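Chemist: So here's run-v6.pdb, just PDB, C-alpha atoms, pLDDT in the B column:
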MODEL        1
ATOM      1  CA  MET M   8     147.034 109.580 149.201  1.00 71.00           C
ATOM      2  CA  ASP M   9     148.687 106.922 147.041  1.00 81.00           C
ATOM      3  CA  PRO M  10     149.821 104.133 149.430  1.00 86.00           C
ATOM      4  CA  ALA M  11     152.204 102.472 146.948  1.00 88.00           C
ATOM      5  CA  THR M  12     155.420 103.476 148.726  1.00 90.00           C
ATOM      6  CA  MET M  13     154.278 102.573 152.236  1.00 91.00           C
ATOM      7  CA  LEU M  14     152.748  99.330 150.988  1.00 92.00           C
ATOM      8  CA  GLY M  15     155.828  98.342 148.998  1.00 94.00           C
ATOM      9  CA  ILE M  16     158.341  99.133 151.742  1.00 94.00           C
ATOM     10  CA  GLY M  17     156.124  97.443 154.323  1.00 94.00           C
ATOM     11  CA  ILE M  18     155.889  94.235 152.286  1.00 95.00           C
ATOM     12  CA  ALA M  19     159.660  94.274 151.642  1.00 95.00           C
ATOM     13  CA  LEU M  20     160.495  94.685 155.332  1.00 94.00           C
ATOM     14  CA  GLY M  21     157.891  92.077 156.253  1.00 95.00           C
ATOM     15  CA  SER M  22     159.429  89.613 153.787  1.00 94.00           C
ATOM     16  CA  ILE M  23     162.880  90.165 155.273  1.00 93.00           C
ATOM     17  CA  LEU M  24     161.526  89.698 158.799  1.00 93.00           C
ATOM     18  CA  ALA M  25     159.712  86.520 157.736  1.00 94.00           C
ATOM     19  CA  MET M  26     162.921  85.109 156.278  1.00 93.00           C
ATOM     20  CA  ILE M  27     164.848  85.826 159.476  1.00 91.00           C
ATOM     21  CA  ILE M  28     162.219  84.056 161.563  1.00 92.00           C
ATOM     22  CA  LEU M  29     161.872  81.104 159.154  1.00 92.00           C
ATOM     23  CA  GLU M  30     165.629  80.657 159.210  1.00 87.00           C
ATOM     24  CA  GLY M  31     165.357  80.227 162.953  1.00 87.00           C
ATOM     25  CA  ALA M  32     167.223  83.416 163.814  1.00 84.00           C
ATOM     26  CA  SER M  33     166.138  86.239 166.088  1.00 86.00           C
ATOM     27  CA  PRO M  34     165.237  89.647 164.585  1.00 88.00           C
ATOM     28  CA  MET M  35     167.305  91.178 167.364  1.00 88.00           C
ATOM     29  CA  ALA M  36     170.396  89.600 165.796  1.00 85.00           C
ATOM     30  CA  VAL M  37     170.330  92.248 163.041  1.00 88.00           C
ATOM     31  CA  LEU M  38     169.108  95.160 165.160  1.00 90.00           C
ATOM     32  CA  LEU M  39     172.584  96.104 166.356  1.00 89.00           C
ATOM     33  CA  PRO M  40     173.022  99.813 167.184  1.00 91.00           C
ATOM     34  CA  ALA M  41     176.631 100.241 166.032  1.00 90.00           C
ATOM     35  CA  PRO M  42     176.238  99.150 162.365  1.00 91.00           C
ATOM     36  CA  MET M  43     172.872 100.882 162.068  1.00 93.00           C
ATOM     37  CA  ILE M  44     174.317 104.163 163.330  1.00 94.00           C
ATOM     38  CA  LEU M  45     177.254 103.868 160.935  1.00 94.00           C
ATOM     39  CA  VAL M  46     175.147 102.998 157.876  1.00 95.00           C
ATOM     40  CA  PHE M  47     172.319 105.494 158.379  1.00 96.00           C
ATOM     41  CA  GLY M  48     174.488 108.278 159.781  1.00 96.00           C
ATOM     42  CA  GLY M  49     177.337 107.705 157.336  1.00 96.00           C
ATOM     43  CA  SER M  50     175.059 107.519 154.284  1.00 96.00           C
ATOM     44  CA  PHE M  51     173.358 110.758 155.277  1.00 97.00           C
ATOM     45  CA  ALA M  52     176.682 112.464 155.933  1.00 97.00           C
ATOM     46  CA  VAL M  53     178.304 111.575 152.601  1.00 96.00           C
ATOM     47  CA  ALA M  54     175.125 112.516 150.694  1.00 96.00           C
ATOM     48  CA  LEU M  55     175.277 115.861 152.502  1.00 95.00           C
ATOM     49  CA  ALA M  56     178.953 116.197 151.595  1.00 95.00           C
ATOM     50  CA  GLY M  57     178.171 115.529 147.922  1.00 93.00           C
ATOM     51  CA  GLY M  58     175.838 118.497 147.595  1.00 91.00           C
ATOM     52  CA  THR M  59     174.941 121.698 149.372  1.00 94.00           C
ATOM     53  CA  LEU M  60     173.137 122.235 152.654  1.00 94.00           C
ATOM     54  CA  LYS M  61     170.205 123.648 150.691  1.00 93.00           C
ATOM     55  CA  ASP M  62     170.038 120.439 148.633  1.00 93.00           C
ATOM     56  CA  THR M  63     169.897 118.341 151.796  1.00 94.00           C
ATOM     57  CA  ILE M  64     167.190 120.479 153.368  1.00 95.00           C
ATOM     58  CA  GLY M  65     165.172 120.270 150.150  1.00 93.00           C
ATOM     59  CA  GLY M  66     165.545 116.489 150.079  1.00 94.00           C
ATOM     60  CA  LEU M  67     164.413 116.123 153.692  1.00 94.00           C
ATOM     61  CA  LYS M  68     161.429 118.409 153.113  1.00 94.00           C
ATOM     62  CA  SER M  69     160.350 116.252 150.173  1.00 94.00           C
ATOM     63  CA  LEU M  70     160.441 113.024 152.231  1.00 93.00           C
ATOM     64  CA  PRO M  71     156.786 113.207 153.411  1.00 93.00           C
ATOM     65  CA  LYS M  72     155.700 113.644 149.792  1.00 92.00           C
ATOM     66  CA  ALA M  73     157.195 110.247 148.932  1.00 91.00           C
ATOM     67  CA  PHE M  74     154.757 108.592 151.350  1.00 91.00           C
ATOM     68  CA  LEU M  75     151.777 110.965 151.321  1.00 89.00           C
ATOM     69  CA  GLY M  76     151.976 112.632 147.906  1.00 83.00           C
ATOM     70  CA  LYS M  77     149.460 112.011 145.174  1.00 80.00           C
ATOM     71  CA  ALA M  78     149.979 113.103 141.587  1.00 71.00           C
ATOM     72  CA  LYS M  79     147.272 115.287 140.111  1.00 69.00           C
ATOM     73  CA  THR M  80     145.223 113.556 137.448  1.00 71.00           C
ATOM     74  CA  SER M  81     145.525 115.094 134.002  1.00 77.00           C
ATOM     75  CA  ALA M  82     141.917 114.149 133.248  1.00 78.00           C
ATOM     76  CA  ASP M  83     140.639 116.614 135.874  1.00 77.00           C
ATOM     77  CA  SER M  84     142.751 119.402 134.385  1.00 85.00           C
ATOM     78  CA  ILE M  85     141.438 118.613 130.908  1.00 88.00           C
ATOM     79  CA  ASP M  86     137.836 118.885 132.094  1.00 87.00           C
ATOM     80  CA  THR M  87     138.600 122.253 133.684  1.00 88.00           C
ATOM     81  CA  ILE M  88     140.310 123.555 130.547  1.00 91.00           C
ATOM     82  CA  VAL M  89     137.452 122.409 128.299  1.00 91.00           C
ATOM     83  CA  THR M  90     135.010 124.262 130.569  1.00 90.00           C
ATOM     84  CA  LEU M  91     137.178 127.376 130.336  1.00 91.00           C
ATOM     85  CA  ALA M  92     137.358 127.017 126.542  1.00 91.00           C
ATOM     86  CA  GLU M  93     133.547 126.840 126.323  1.00 91.00           C
ATOM     87  CA  LYS M  94     133.144 129.967 128.448  1.00 89.00           C
ATOM     88  CA  ALA M  95     135.853 131.855 126.521  1.00 88.00           C
ATOM     89  CA  ARG M  96     134.226 130.883 123.209  1.00 88.00           C
ATOM     90  CA  ARG M  97     130.832 132.195 124.347  1.00 88.00           C
ATOM     91  CA  GLU M  98     131.766 135.260 126.396  1.00 87.00           C
ATOM     92  CA  GLY M  99     135.354 136.105 125.489  1.00 86.00           C
ATOM     93  CA  LEU M 100     138.674 135.612 127.235  1.00 86.00           C
ATOM     94  CA  LEU M 101     138.100 138.394 129.764  1.00 85.00           C
ATOM     95  CA  SER M 102     135.085 136.489 131.128  1.00 85.00           C
ATOM     96  CA  LEU M 103     137.494 133.932 132.613  1.00 87.00           C
ATOM     97  CA  GLU M 104     138.895 136.397 135.149  1.00 86.00           C
ATOM     98  CA  GLU M 105     136.284 135.446 137.755  1.00 84.00           C
ATOM     99  CA  ALA M 106     136.658 131.721 137.018  1.00 84.00           C
ATOM    100  CA  ALA M 107     140.405 131.972 137.640  1.00 84.00           C
ATOM    101  CA  ARG M 108     139.760 132.797 141.307  1.00 83.00           C
ATOM    102  CA  ASP M 109     138.115 129.412 141.895  1.00 83.00           C
ATOM    103  CA  ILE M 110     140.936 127.315 140.388  1.00 86.00           C
ATOM    104  CA  ASP M 111     143.097 125.448 142.912  1.00 85.00           C
ATOM    105  CA  ASP M 112     145.909 124.588 140.514  1.00 86.00           C
ATOM    106  CA  GLU M 113     148.414 127.449 140.911  1.00 90.00           C
ATOM    107  CA  PHE M 114     150.128 126.706 137.589  1.00 92.00           C
ATOM    108  CA  LEU M 115     146.818 126.793 135.703  1.00 91.00           C
ATOM    109  CA  LYS M 116     145.635 129.857 137.619  1.00 91.00           C
ATOM    110  CA  SER M 117     148.778 131.917 136.994  1.00 92.00           C
ATOM    111  CA  GLY M 118     148.907 130.865 133.335  1.00 92.00           C
ATOM    112  CA  LEU M 119     145.263 131.741 132.822  1.00 91.00           C
ATOM    113  CA  ARG M 120     145.757 135.172 134.371  1.00 91.00           C
ATOM    114  CA  SER M 121     148.715 135.801 132.072  1.00 91.00           C
ATOM    115  CA  ALA M 122     146.563 134.824 129.089  1.00 90.00           C
ATOM    116  CA  ILE M 123     143.735 137.104 130.248  1.00 89.00           C
ATOM    117  CA  ASP M 124     146.214 139.983 130.640  1.00 88.00           C
ATOM    118  CA  GLY M 125     146.962 139.704 126.923  1.00 87.00           C
ATOM    119  CA  THR M 126     150.374 138.036 127.043  1.00 89.00           C
ATOM    120  CA  ASP M 127     151.605 137.122 123.577  1.00 92.00           C
ATOM    121  CA  PRO M 128     151.124 133.368 122.893  1.00 91.00           C
ATOM    122  CA  GLU M 129     154.836 132.811 122.242  1.00 93.00           C
ATOM    123  CA  ASP M 130     155.760 134.685 125.409  1.00 94.00           C
ATOM    124  CA  LEU M 131     153.151 132.733 127.353  1.00 93.00           C
ATOM    125  CA  ARG M 132     154.540 129.438 126.083  1.00 94.00           C
ATOM    126  CA  ALA M 133     158.084 130.471 127.002  1.00 95.00           C
ATOM    127  CA  LEU M 134     156.962 131.609 130.453  1.00 94.00           C
ATOM    128  CA  LEU M 135     155.121 128.375 131.256  1.00 95.00           C
ATOM    129  CA  GLU M 136     157.893 126.188 129.832  1.00 95.00           C
ATOM    130  CA  ASP M 137     160.392 127.995 132.058  1.00 96.00           C
ATOM    131  CA  ARG M 138     158.214 127.268 135.091  1.00 95.00           C
ATOM    132  CA  ILE M 139     158.015 123.589 134.166  1.00 95.00           C
ATOM    133  CA  HIS M 140     161.796 123.480 133.706  1.00 96.00           C
ATOM    134  CA  SER M 141     162.322 125.137 137.085  1.00 95.00           C
ATOM    135  CA  LYS M 142     160.106 122.537 138.741  1.00 94.00           C
ATOM    136  CA  ARG M 143     162.029 119.691 137.087  1.00 95.00           C
ATOM    137  CA  VAL M 144     165.336 121.112 138.337  1.00 94.00           C
ATOM    138  CA  SER M 145     163.979 121.581 141.860  1.00 93.00           C
ATOM    139  CA  ASP M 146     162.479 118.093 141.992  1.00 94.00           C
ATOM    140  CA  LYS M 147     165.676 116.530 140.642  1.00 94.00           C
ATOM    141  CA  THR M 148     167.631 118.032 143.526  1.00 92.00           C
ATOM    142  CA  SER M 149     165.237 116.368 145.992  1.00 92.00           C
ATOM    143  CA  TYR M 150     165.172 112.860 144.549  1.00 95.00           C
ATOM    144  CA  LYS M 151     168.901 112.928 143.724  1.00 96.00           C
ATOM    145  CA  PHE M 152     169.653 113.233 147.455  1.00 96.00           C
ATOM    146  CA  PHE M 153     167.958 109.876 148.126  1.00 97.00           C
ATOM    147  CA  HIS M 154     169.529 108.292 145.046  1.00 97.00           C
ATOM    148  CA  ASP M 155     172.910 109.406 146.401  1.00 96.00           C
ATOM    149  CA  MET M 156     172.158 107.844 149.786  1.00 97.00           C
ATOM    150  CA  GLY M 157     171.174 104.632 148.012  1.00 96.00           C
ATOM    151  CA  GLY M 158     174.459 104.649 146.152  1.00 96.00           C
ATOM    152  CA  TYR M 159     176.615 105.299 149.204  1.00 97.00           C
ATOM    153  CA  ALA M 160     174.872 103.032 151.740  1.00 97.00           C
ATOM    154  CA  PRO M 161     176.207  99.630 150.517  1.00 96.00           C
ATOM    155  CA  THR M 162     179.787 100.918 150.524  1.00 96.00           C
ATOM    156  CA  ILE M 163     179.363 102.407 153.993  1.00 96.00           C
ATOM    157  CA  GLY M 164     178.057  99.004 155.078  1.00 95.00           C
ATOM    158  CA  ILE M 165     181.185  97.324 153.720  1.00 95.00           C
ATOM    159  CA  VAL M 166     183.327  99.844 155.619  1.00 94.00           C
ATOM    160  CA  GLY M 167     181.487  98.853 158.795  1.00 92.00           C
ATOM    161  CA  THR M 168     182.069  95.166 158.090  1.00 92.00           C
ATOM    162  CA  VAL M 169     185.794  95.731 157.531  1.00 92.00           C
ATOM    163  CA  ILE M 170     186.049  97.660 160.805  1.00 89.00           C
ATOM    164  CA  SER M 171     184.276  94.819 162.639  1.00 87.00           C
ATOM    165  CA  LEU M 172     186.478  92.175 161.015  1.00 88.00           C
ATOM    166  CA  VAL M 173     189.557  94.060 162.175  1.00 88.00           C
ATOM    167  CA  HIS M 174     188.138  93.786 165.671  1.00 82.00           C
ATOM    168  CA  VAL M 175     187.560  90.052 165.090  1.00 83.00           C
ATOM    169  CA  LEU M 176     191.213  89.549 164.105  1.00 81.00           C
ATOM    170  CA  GLU M 177     192.285  91.266 167.300  1.00 78.00           C
ATOM    171  CA  ASN M 178     190.412  88.629 169.285  1.00 75.00           C
ATOM    172  CA  LEU M 179     191.566  85.390 167.648  1.00 74.00           C
ATOM    173  CA  SER M 180     192.681  84.230 171.072  1.00 74.00           C
ATOM    174  CA  ASN M 181     188.969  83.864 172.012  1.00 73.00           C
ATOM    175  CA  PRO M 182     187.702  81.209 169.557  1.00 73.00           C
ATOM    176  CA  ASP M 183     184.446  80.744 171.448  1.00 71.00           C
ATOM    177  CA  GLU M 184     183.365  84.285 170.561  1.00 71.00           C
ATOM    178  CA  LEU M 185     184.557  84.350 166.943  1.00 74.00           C
ATOM    179  CA  GLY M 186     181.329  83.013 165.414  1.00 72.00           C
ATOM    180  CA  HIS M 187     179.192  85.645 167.097  1.00 75.00           C
ATOM    181  CA  MET M 188     181.645  88.430 166.255  1.00 78.00           C
ATOM    182  CA  ILE M 189     181.933  87.457 162.578  1.00 83.00           C
ATOM    183  CA  ALA M 190     178.139  87.273 162.252  1.00 80.00           C
ATOM    184  CA  ALA M 191     177.822  90.705 163.844  1.00 81.00           C
ATOM    185  CA  ALA M 192     180.459  92.064 161.462  1.00 84.00           C
ATOM    186  CA  PHE M 193     178.321  91.298 158.405  1.00 90.00           C
ATOM    187  CA  VAL M 194     175.279  93.089 159.867  1.00 92.00           C
ATOM    188  CA  ALA M 195     176.723  96.404 158.640  1.00 92.00           C
ATOM    189  CA  THR M 196     176.799  95.118 155.049  1.00 94.00           C
ATOM    190  CA  LEU M 197     173.257  93.838 155.491  1.00 94.00           C
ATOM    191  CA  TRP M 198     171.996  97.231 156.615  1.00 95.00           C
ATOM    192  CA  GLY M 199     173.896  99.003 153.846  1.00 95.00           C
ATOM    193  CA  ILE M 200     172.326  96.885 151.107  1.00 96.00           C
ATOM    194  CA  LEU M 201     168.926  96.780 152.806  1.00 95.00           C
ATOM    195  CA  SER M 202     168.641 100.518 153.419  1.00 96.00           C
ATOM    196  CA  ALA M 203     169.753 101.311 149.865  1.00 97.00           C
ATOM    197  CA  ASN M 204     167.380  98.938 148.080  1.00 96.00           C
ATOM    198  CA  VAL M 205     164.403  98.988 150.439  1.00 96.00           C
ATOM    199  CA  LEU M 206     164.411 102.628 151.543  1.00 96.00           C
ATOM    200  CA  TRP M 207     166.551 105.214 149.751  1.00 97.00           C
ATOM    201  CA  LEU M 208     166.330 104.095 146.114  1.00 97.00           C
ATOM    202  CA  PRO M 209     162.556 103.414 146.232  1.00 96.00           C
ATOM    203  CA  ILE M 210     161.969 106.792 147.898  1.00 96.00           C
ATOM    204  CA  GLY M 211     164.106 108.535 145.278  1.00 96.00           C
ATOM    205  CA  ASN M 212     162.332 106.735 142.435  1.00 96.00           C
ATOM    206  CA  ARG M 213     158.950 107.570 143.931  1.00 95.00           C
ATOM    207  CA  LEU M 214     159.797 111.290 144.075  1.00 95.00           C
ATOM    208  CA  LYS M 215     161.122 111.126 140.519  1.00 95.00           C
ATOM    209  CA  ARG M 216     157.930 109.461 139.282  1.00 93.00           C
ATOM    210  CA  LEU M 217     155.703 112.015 141.027  1.00 93.00           C
ATOM    211  CA  SER M 218     157.751 114.792 139.426  1.00 93.00           C
ATOM    212  CA  GLU M 219     157.340 113.216 135.975  1.00 92.00           C
ATOM    213  CA  LEU M 220     153.564 112.928 136.416  1.00 90.00           C
ATOM    214  CA  GLU M 221     153.226 116.491 137.687  1.00 92.00           C
ATOM    215  CA  CYS M 222     155.357 117.928 134.877  1.00 92.00           C
ATOM    216  CA  SER M 223     153.367 115.950 132.294  1.00 90.00           C
ATOM    217  CA  GLN M 224     150.177 117.380 133.739  1.00 91.00           C
ATOM    218  CA  MET M 225     151.660 120.887 133.575  1.00 92.00           C
ATOM    219  CA  GLU M 226     152.581 120.374 129.917  1.00 93.00           C
ATOM    220  CA  ILE M 227     148.987 119.404 129.150  1.00 92.00           C
ATOM    221  CA  VAL M 228     147.791 122.528 130.979  1.00 93.00           C
ATOM    222  CA  LEU M 229     150.232 124.611 128.916  1.00 94.00           C
ATOM    223  CA  GLU M 230     148.827 123.307 125.612  1.00 93.00           C
ATOM    224  CA  GLY M 231     145.287 123.751 126.892  1.00 92.00           C
ATOM    225  CA  LEU M 232     145.841 127.369 127.920  1.00 93.00           C
ATOM    226  CA  LEU M 233     147.292 128.235 124.539  1.00 93.00           C
ATOM    227  CA  SER M 234     144.266 126.660 122.867  1.00 92.00           C
ATOM    228  CA  VAL M 235     141.889 128.606 125.116  1.00 91.00           C
ATOM    229  CA  GLN M 236     143.776 131.817 124.383  1.00 90.00           C
ATOM    230  CA  ALA M 237     143.512 131.124 120.654  1.00 89.00           C
ATOM    231  CA  GLY M 238     139.732 130.598 120.932  1.00 87.00           C
ATOM    232  CA  ALA M 239     139.852 126.994 119.704  1.00 87.00           C
ATOM    233  CA  ASN M 240     136.764 124.782 119.532  1.00 89.00           C
ATOM    234  CA  PRO M 241     136.234 123.295 123.042  1.00 89.00           C
ATOM    235  CA  ARG M 242     135.501 119.826 121.669  1.00 90.00           C
ATOM    236  CA  LEU M 243     138.724 119.824 119.654  1.00 91.00           C
ATOM    237  CA  VAL M 244     140.616 121.166 122.674  1.00 89.00           C
ATOM    238  CA  GLY M 245     139.401 118.236 124.751  1.00 88.00           C
ATOM    239  CA  GLU M 246     140.233 115.675 122.066  1.00 88.00           C
ATOM    240  CA  ARG M 247     143.719 117.079 121.527  1.00 89.00           C
ATOM    241  CA  LEU M 248     144.560 117.193 125.220  1.00 89.00           C
ATOM    242  CA  ARG M 249     143.255 113.672 125.771  1.00 87.00           C
ATOM    243  CA  SER M 250     145.463 112.494 122.902  1.00 86.00           C
ATOM    244  CA  LEU M 251     148.456 113.696 124.929  1.00 84.00           C
ATOM    245  CA  LEU M 252     147.628 111.326 127.785  1.00 82.00           C
ATOM    246  CA  PRO M 253     149.317 107.907 128.058  1.00 77.00           C
ATOM    247  CA  LEU M 254     147.299 105.183 126.326  1.00 76.00           C
ATOM    248  CA  SER M 255     146.171 103.622 129.624  1.00 71.00           C
ATOM    249  CA  GLU M 256     144.786 106.968 130.833  1.00 74.00           C
ATOM    250  CA  GLN M 257     143.073 107.575 127.485  1.00 70.00           C
ATOM    251  CA  GLN M 258     141.321 104.224 127.814  1.00 68.00           C
ATOM    252  CA  GLN M 259     140.316 105.023 131.384  1.00 69.00           C
ATOM    253  CA  VAL M 260     138.873 108.392 130.365  1.00 64.00           C
ATOM    254  CA  GLU M 261     136.938 106.798 127.510  1.00 65.00           C
ATOM    255  CA  LYS M 262     135.603 104.127 129.843  1.00 64.00           C
ATOM    256  CA  GLU M 263     134.414 106.760 132.364  1.00 61.00           C
ATOM    257  CA  ALA M 264     132.805 108.787 129.584  1.00 55.00           C
ATOM    258  CA  ALA M 265     130.938 105.739 128.352  1.00 52.00           C
TER     259      ALA M 265
ENDMDL
END
I'd like the structure from this file rewritten - as structure tokens, please.
Modeler:
Amino acid sequence: MDPATMLGIGIALGSILAMIILEGASPMAVLLPAPMILVFGGSFAVALAGGTLKDTIGGLKSLPKAFLGKAKTSADSIDTIVTLAEKARREGLLSLEEAARDIDDEFLKSGLRSAIDGTDPEDLRALLEDRIHSKRVSDKTSYKFFHDMGGYAPTIGIVGTVISLVHVLENLSNPDELGHMIAAAFVATLWGILSANVLWLPIGNRLKRLSELECSQMEIVLEGLLSVQAGANPRLVGERLRSLLPLSEQQQVEKEAA
């Protein structure tokens, strides 16, 4: 598990709590049920209204992945592909049929089986590229839901503040209560901005980043499978696939190899 999201959100919320306490205020002053219900419920509702029910369900199902998900490392896939290339070079492509059963990566496993079945290289490339495209589209639907919530939340917060200020204007005859009521009115704006920038946008960006890493790894697998199918030299296969990694990962792989 990559703890970046939980760590980042935790530090952000802790910093906000520390500021409230250092300012001499009570945390309970911002934990008001009415604005929180409006901001969280309203943001969810308008994000739901902006898409389909299936989009919303997909977004909610992807939420645990934002906190618990870990992107697969491309280096591990490269090692597996190089091993497959060595075996295919020695014993032929059909010898990989048994090895395919032990592979956990479903994309690599299904692509390898298609290669073993004699799928034309161009058809195999098109097939795998279509699967990568389908994953991108599916992932975009999930992280877009949280981006939408992040976009709507501040405005919903302002709506809550306006509603509360209307209530304040109705009670101008009670000047002793005006300060408390005005302060409470701005809590909705606070929660709108806070939820957008501390929760929904980071979660959406996290899901987007995981999707980018996974799709990049799938693209490396695609190139590796085509090389294995073509019977390329395993050493050259490894060097080519490693050249597709970001520079920081290339340096890390070289350091581990040394």
Chemist: Using the chain letters and numbering of this document, enumerate as an mmCIF file with C-alpha atoms, in the frame of the given file the residues selected by the PyMOL selection byres ((chain M and resi 96) around 10).
Modeler:
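File out-v5.cif, as written:
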data_model
loop_
_atom_site.group_PDB
_atom_site.id
_atom_site.type_symbol
_atom_site.label_atom_id
_atom_site.label_comp_id
_atom_site.auth_asym_id
_atom_site.auth_seq_id
_atom_site.Cartn_x
_atom_site.Cartn_y
_atom_site.Cartn_z
ATOM 1 C CA THR M 90 135.010 124.262 130.569
ATOM 2 C CA LEU M 91 137.178 127.376 130.336
ATOM 3 C CA ALA M 92 137.358 127.017 126.542
ATOM 4 C CA GLU M 93 133.547 126.840 126.323
ATOM 5 C CA LYS M 94 133.144 129.967 128.448
ATOM 6 C CA ALA M 95 135.853 131.855 126.521
ATOM 7 C CA ARG M 97 130.832 132.195 124.347
ATOM 8 C CA GLU M 98 131.766 135.260 126.396
ATOM 9 C CA GLY M 99 135.354 136.105 125.489
ATOM 10 C CA LEU M 100 138.674 135.612 127.235
ATOM 11 C CA SER M 102 135.085 136.489 131.128
ATOM 12 C CA VAL M 235 141.889 128.606 125.116
ATOM 13 C CA GLN M 236 143.776 131.817 124.383
ATOM 14 C CA ALA M 237 143.512 131.124 120.654
ATOM 15 C CA GLY M 238 139.732 130.598 120.932
ATOM 16 C CA ALA M 239 139.852 126.994 119.704
ATOM 17 C CA ASN M 240 136.764 124.782 119.532
ATOM 18 C CA PRO M 241 136.234 123.295 123.042
#
Chemist: Separation of CA of Thr12 in chain M and CA of Leu75 in chain M, in Å?
Modeler: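 Distance between the two atoms: 8.7 Å.
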Chemist: Please define a box with edges along x, y and z of the file around all atoms of range 209-219 of chain M given in the file, extend it by 4 Å on each side, and return its centre and edge lengths in Å to one decimal, as JSON.
Modeler:
{"center_x": 159.9, "center_y": 109.1, "center_z": 141.9, "size_x": 16.4, "size_y": 19.4, "size_z": 19.9}
Chemist: How many Å lie between CA of Ile227 in chain M and CA of Ile210 in chain M, rounded to one decimal?
Modeler: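 So the answer is 26.1 Å.
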Chemist: For this file, the PyMOL selection byres ((chain M and resi 150) around 10) selects which residues, as a ChimeraX atom specification?
Modeler: /M:62,65-67,69-70,73,145-149,151-155,207-216,218
Chemist: Store the residues picked out above in a file with C-alpha atoms, as a PDB file, keeping the file's coordinate frame.
Modeler:
ATOM      1  CA  ASP M  62     170.038 120.439 148.633  1.00 93.00           C
ATOM      2  CA  GLY M  65     165.172 120.270 150.150  1.00 93.00           C
ATOM      3  CA  GLY M  66     165.545 116.489 150.079  1.00 94.00           C
ATOM      4  CA  LEU M  67     164.413 116.123 153.692  1.00 94.00           C
ATOM      5  CA  SER M  69     160.350 116.252 150.173  1.00 94.00           C
ATOM      6  CA  LEU M  70     160.441 113.024 152.231  1.00 93.00           C
ATOM      7  CA  ALA M  73     157.195 110.247 148.932  1.00 91.00           C
ATOM      8  CA  SER M 145     163.979 121.581 141.860  1.00 93.00           C
ATOM      9  CA  ASP M 146     162.479 118.093 141.992  1.00 94.00           C
ATOM     10  CA  LYS M 147     165.676 116.530 140.642  1.00 94.00           C
ATOM     11  CA  THR M 148     167.631 118.032 143.526  1.00 92.00           C
ATOM     12  CA  SER M 149     165.237 116.368 145.992  1.00 92.00           C
ATOM     13  CA  LYS M 151     168.901 112.928 143.724  1.00 96.00           C
ATOM     14  CA  PHE M 152     169.653 113.233 147.455  1.00 96.00           C
ATOM     15  CA  PHE M 153     167.958 109.876 148.126  1.00 97.00           C
ATOM     16  CA  HIS M 154     169.529 108.292 145.046  1.00 97.00           C
ATOM     17  CA  ASP M 155     172.910 109.406 146.401  1.00 96.00           C
ATOM     18  CA  TRP M 207     166.551 105.214 149.751  1.00 97.00           C
ATOM     19  CA  LEU M 208     166.330 104.095 146.114  1.00 97.00           C
ATOM     20  CA  PRO M 209     162.556 103.414 146.232  1.00 96.00           C
ATOM     21  CA  ILE M 210     161.969 106.792 147.898  1.00 96.00           C
ATOM     22  CA  GLY M 211     164.106 108.535 145.278  1.00 96.00           C
ATOM     23  CA  ASN M 212     162.332 106.735 142.435  1.00 96.00           C
ATOM     24  CA  ARG M 213     158.950 107.570 143.931  1.00 95.00           C
ATOM     25  CA  LEU M 214     159.797 111.290 144.075  1.00 95.00           C
ATOM     26  CA  LYS M 215     161.122 111.126 140.519  1.00 95.00           C
ATOM     27  CA  ARG M 216     157.930 109.461 139.282  1.00 93.00           C
ATOM     28  CA  SER M 218     157.751 114.792 139.426  1.00 93.00           C
TER      29      SER M 218
END
Chemist: Between CA of Met26 in chain M and CA of Gly164 in chain M, what is the spacing in Å?
Modeler: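 Interatomic distance, CA of Gly164 in chain M to CA of Met26 in chain M: 20.6 Å.
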Chemist: Using all atoms listed in the file, which residue out of M:Ile200, M:Ala78, M:Ile23, M:Ala41 lies closest to Pro10 in chain M?
Modeler: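 Result for the nearest residue to Pro10 in chain M: M:Ala78.
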Chemist: The PyMOL selection byres ((chain M and resi 196) around 12) - which residues does that actually catch in the file I just gave you? List them as number ranges by chain.
Modeler: M: 37, 42-43, 45-47, 159-172, 189-195, 197-203
Chemist: Let me make sure I understand: among M:Pro253, M:Gly158, M:Gly21, M:Glu184, which one has the smallest atom-to-atom distance to Leu220 in chain M if we use all atoms listed in the file?
Modeler: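 Going through M:Pro253, M:Gly158, M:Gly21, M:Glu184 one by one, the smallest distance to Leu220 in chain M is for M:Pro253.
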Chemist: For His140 in chain M, which residue among M:Asp83, M:Glu105, M:Glu221, M:Glu113 is the nearest when counting all atoms listed in the file?
Modeler: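 Among M:Asp83, M:Glu105, M:Glu221, M:Glu113, it is M:Glu221 that comes nearest to His140 in chain M.
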Chemist: Of the candidates M:Ile110, M:Ala82, M:Leu55, M:Leu39, which one gets nearest to Glu246 in chain M if we count only C-alpha atoms?
Modeler: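 Counting only C-alpha atoms, the residue closest to Glu246 in chain M is M:Ala82.
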Chemist: Rank M:Ile123, M:Met35, M:Leu232, M:Ile28 by their smallest atom-to-atom distance to Ile88 in chain M, using all atoms listed in the file, and report the top residue only.
Modeler: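 That would be M:Leu232, the residue with the smallest distance to Ile88 in chain M.
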Chemist: Please determine, counting all atoms listed in the file, which residue among M:Val89, M:Met13, M:Val175, M:Leu119 has the shortest atom-to-atom distance to Leu206 in chain M.
Modeler: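 That would be M:Met13, the residue with the smallest distance to Leu206 in chain M.
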